[in-house]
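Notes for the one structure printed next.
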Amino acid sequence: MVTPAPAGFVRALLGGLAELGPVDPFSGDLSLELGISVWLRRSGTSLMQARGTLLEIRRVIVEVCDLDPSTEPVPLVGRSPRLDVVNLVAYIGDLLRRAVPAGGLRTVVDQVVALVPEAENEDEALGA
């Protein structure tokens, strides 16, 4: 069973990644981490919720873009929630750029947002 993502997180994350473009999380550029912080706080998403949602986003992107799930790498998680989220977001950004044909990023983002279940309201997103 897929747990709904907190309201607004998926759209904010994917829209932000589309706007941000390629970012190397190990280059010293803090744009990615700043973006993640904003997306998490605005949607009321915890690191643990984000980790599960990011893995679901990965699954949906692979499906929507007709990638072979058996050949697409699966990011390793479990070391620390913070590092997991940073690495998964960087991976999702790279996956989008690899999987999406030129000019089709917005279309794929809209399809993924429509397919990843989100909580109905902010109270549910915050676990109230």
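By order in the structure tokens, chains are A, B, ...; within a chain, residues start at 1; ligands start at 1, following the order shown.
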
Quick one: everything within 10 Å of Arg51 in chain A, counting only C-alpha atoms, minus sequence neighbours fewer than 2 positions away in the same chain. Send it as a PyMOL selection string.
chain A and resi 45-49+53-57+77-78+81-89

Can you pull out the residues contacting Pro22 in chain A? Cut-off 12 Å, using only C-alpha atoms, and skip same-chain residues under 6 positions away; I want them as number ranges by chain.
A: 16, 29, 31-32, 89-98

Could you work out how far CA of Glu19 in chain A lies from CA of Arg79 in chain A, giving the answer in Å with one decimal?
28.5 Å

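Atom pair CA of Val62 in chain A / CA of Ser27 in chain A: separated by 26.9 Å.
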
Need to verify the contact set: Val109 in chain A, 12 Å, only C-alpha atoms, exclusion of same-chain residues closer than 4 positions in sequence. Can you return it as an mmCIF file with N, CA, C and O atoms, in the first residue's frame?
```
data_model
loop_
_atom_site.group_PDB
_atom_site.id
_atom_site.type_symbol
_atom_site.label_atom_id
_atom_site.label_comp_id
_atom_site.auth_asym_id
_atom_site.auth_seq_id
_atom_site.Cartn_x
_atom_site.Cartn_y
_atom_site.Cartn_z
ATOM 1 N N VAL A 10 4.860 16.728 -3.706
ATOM 2 C CA VAL A 10 5.258 16.168 -4.998
ATOM 3 C C VAL A 10 5.344 17.261 -6.056
ATOM 4 O O VAL A 10 6.330 17.369 -6.780
ATOM 5 N N ARG A 11 4.317 18.096 -6.146
ATOM 6 C CA ARG A 11 4.322 19.176 -7.143
ATOM 7 C C ARG A 11 5.458 20.168 -6.865
ATOM 8 O O ARG A 11 6.156 20.601 -7.779
ATOM 9 N N ALA A 12 5.658 20.539 -5.593
ATOM 10 C CA ALA A 12 6.722 21.491 -5.253
ATOM 11 C C ALA A 12 8.090 20.905 -5.590
ATOM 12 O O ALA A 12 8.941 21.589 -6.179
ATOM 13 N N LEU A 13 8.295 19.653 -5.247
ATOM 14 C CA LEU A 13 9.576 18.993 -5.505
ATOM 15 C C LEU A 13 9.859 18.906 -6.995
ATOM 16 O O LEU A 13 10.910 19.353 -7.467
ATOM 17 N N LEU A 14 8.932 18.344 -7.763
ATOM 18 C CA LEU A 14 9.179 18.143 -9.193
ATOM 19 C C LEU A 14 9.232 19.458 -9.955
ATOM 20 O O LEU A 14 10.065 19.625 -10.852
ATOM 21 N N GLY A 15 8.372 20.392 -9.597
ATOM 22 C CA GLY A 15 8.434 21.711 -10.225
ATOM 23 C C GLY A 15 9.742 22.413 -9.903
ATOM 24 O O GLY A 15 10.360 23.044 -10.762
ATOM 25 N N GLY A 16 10.170 22.289 -8.652
ATOM 26 C CA GLY A 16 11.440 22.896 -8.239
ATOM 27 C C GLY A 16 12.628 22.285 -8.951
ATOM 28 O O GLY A 16 13.540 22.993 -9.380
ATOM 29 N N LEU A 17 12.619 20.965 -9.085
ATOM 30 C CA LEU A 17 13.717 20.298 -9.796
ATOM 31 C C LEU A 17 13.747 20.711 -11.265
ATOM 32 O O LEU A 17 14.824 20.895 -11.832
ATOM 33 N N ALA A 18 12.573 20.858 -11.857
ATOM 34 C CA ALA A 18 12.517 21.284 -13.261
ATOM 35 C C ALA A 18 13.102 22.682 -13.420
ATOM 36 O O ALA A 18 13.817 22.967 -14.384
ATOM 37 N N GLU A 19 12.804 23.566 -12.476
ATOM 38 C CA GLU A 19 13.321 24.941 -12.532
ATOM 39 C C GLU A 19 14.810 25.005 -12.196
ATOM 40 O O GLU A 19 15.548 25.787 -12.783
ATOM 41 N N ILE A 57 7.891 8.276 -6.157
ATOM 42 C CA ILE A 57 8.073 9.137 -7.335
ATOM 43 C C ILE A 57 8.975 8.444 -8.343
ATOM 44 O O ILE A 57 8.702 8.447 -9.544
ATOM 45 N N ARG A 58 10.038 7.824 -7.872
ATOM 46 C CA ARG A 58 10.948 7.083 -8.749
ATOM 47 C C ARG A 58 10.187 6.001 -9.507
ATOM 48 O O ARG A 58 10.309 5.859 -10.718
ATOM 49 N N VAL A 60 7.020 5.798 -10.208
ATOM 50 C CA VAL A 60 6.078 6.375 -11.172
ATOM 51 C C VAL A 60 6.811 6.935 -12.389
ATOM 52 O O VAL A 60 6.361 6.759 -13.526
ATOM 53 N N ILE A 61 7.939 7.579 -12.194
ATOM 54 C CA ILE A 61 8.715 8.098 -13.333
ATOM 55 C C ILE A 61 9.144 6.950 -14.233
ATOM 56 O O ILE A 61 9.033 7.037 -15.463
ATOM 57 N N VAL A 64 5.934 5.888 -16.096
ATOM 58 C CA VAL A 64 5.442 6.890 -17.049
ATOM 59 C C VAL A 64 6.373 7.016 -18.257
ATOM 60 O O VAL A 64 5.918 7.203 -19.384
ATOM 61 N N CYS A 65 7.667 6.900 -18.026
ATOM 62 C CA CYS A 65 8.643 7.092 -19.104
ATOM 63 C C CYS A 65 9.011 5.781 -19.806
ATOM 64 O O CYS A 65 9.932 5.756 -20.622
ATOM 65 N N ILE A 92 16.399 11.680 -8.390
ATOM 66 C CA ILE A 92 15.145 11.963 -9.103
ATOM 67 C C ILE A 92 15.385 13.031 -10.177
ATOM 68 O O ILE A 92 14.896 12.918 -11.305
ATOM 69 N N GLY A 93 16.138 14.070 -9.841
ATOM 70 C CA GLY A 93 16.454 15.109 -10.826
ATOM 71 C C GLY A 93 17.199 14.539 -12.018
ATOM 72 O O GLY A 93 16.872 14.832 -13.174
ATOM 73 N N LEU A 95 17.224 11.358 -12.944
ATOM 74 C CA LEU A 95 16.328 10.422 -13.620
ATOM 75 C C LEU A 95 15.392 11.171 -14.572
ATOM 76 O O LEU A 95 15.185 10.752 -15.716
ATOM 77 N N LEU A 96 14.852 12.281 -14.120
ATOM 78 C CA LEU A 96 13.973 13.083 -14.979
ATOM 79 C C LEU A 96 14.707 13.543 -16.231
ATOM 80 O O LEU A 96 14.178 13.464 -17.337
ATOM 81 N N ARG A 97 15.924 14.025 -16.066
ATOM 82 C CA ARG A 97 16.678 14.514 -17.221
ATOM 83 C C ARG A 97 17.035 13.383 -18.187
ATOM 84 O O ARG A 97 17.059 13.574 -19.399
ATOM 85 N N ALA A 99 15.300 10.454 -18.512
ATOM 86 C CA ALA A 99 14.115 9.734 -18.980
ATOM 87 C C ALA A 99 13.192 10.547 -19.870
ATOM 88 O O ALA A 99 12.434 9.977 -20.640
ATOM 89 N N VAL A 100 13.258 11.846 -19.751
ATOM 90 C CA VAL A 100 12.288 12.697 -20.432
ATOM 91 C C VAL A 100 12.844 13.169 -21.763
ATOM 92 O O VAL A 100 13.945 13.707 -21.824
ATOM 93 N N GLY A 103 12.114 18.720 -24.169
ATOM 94 C CA GLY A 103 10.918 19.536 -24.167
ATOM 95 C C GLY A 103 9.719 18.920 -23.470
ATOM 96 O O GLY A 103 8.686 19.549 -23.348
ATOM 97 N N GLY A 104 9.828 17.675 -22.991
ATOM 98 C CA GLY A 104 8.686 17.012 -22.385
ATOM 99 C C GLY A 104 8.687 16.968 -20.874
ATOM 100 O O GLY A 104 7.886 16.264 -20.272
ATOM 101 N N LEU A 105 9.586 17.717 -20.239
ATOM 102 C CA LEU A 105 9.719 17.657 -18.784
ATOM 103 C C LEU A 105 8.434 18.040 -18.077
ATOM 104 O O LEU A 105 7.972 17.344 -17.171
ATOM 105 N N VAL A 113 2.808 13.862 -10.949
ATOM 106 C CA VAL A 113 2.017 14.502 -9.884
ATOM 107 C C VAL A 113 0.622 13.892 -9.828
ATOM 108 O O VAL A 113 0.092 13.627 -8.753
ATOM 109 N N ALA A 114 0.038 13.623 -10.987
ATOM 110 C CA ALA A 114 -1.309 13.048 -11.026
ATOM 111 C C ALA A 114 -1.337 11.608 -10.508
ATOM 112 O O ALA A 114 -2.351 11.171 -9.963
ATOM 113 N N LEU A 115 -0.240 10.877 -10.634
ATOM 114 C CA LEU A 115 -0.229 9.463 -10.265
ATOM 115 C C LEU A 115 0.255 9.183 -8.846
ATOM 116 O O LEU A 115 0.001 8.105 -8.321
ATOM 117 N N VAL A 116 0.984 10.112 -8.228
ATOM 118 C CA VAL A 116 1.454 9.899 -6.857
ATOM 119 C C VAL A 116 0.380 10.432 -5.920
ATOM 120 O O VAL A 116 0.050 11.617 -5.962
#
```

Would you please give, as a count of residues only, all residues of range 28-108 of chain A that DSSP assigns to alpha helix (DSSP H) based on the backbone?
54

Using Å and a single decimal, report how far CA of Gly8 in chain A sits from CA of Ser80 in chain A.
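Answer for the CA of Ser80 in chain A to CA of Gly8 in chain A separation: 23.9 Å.
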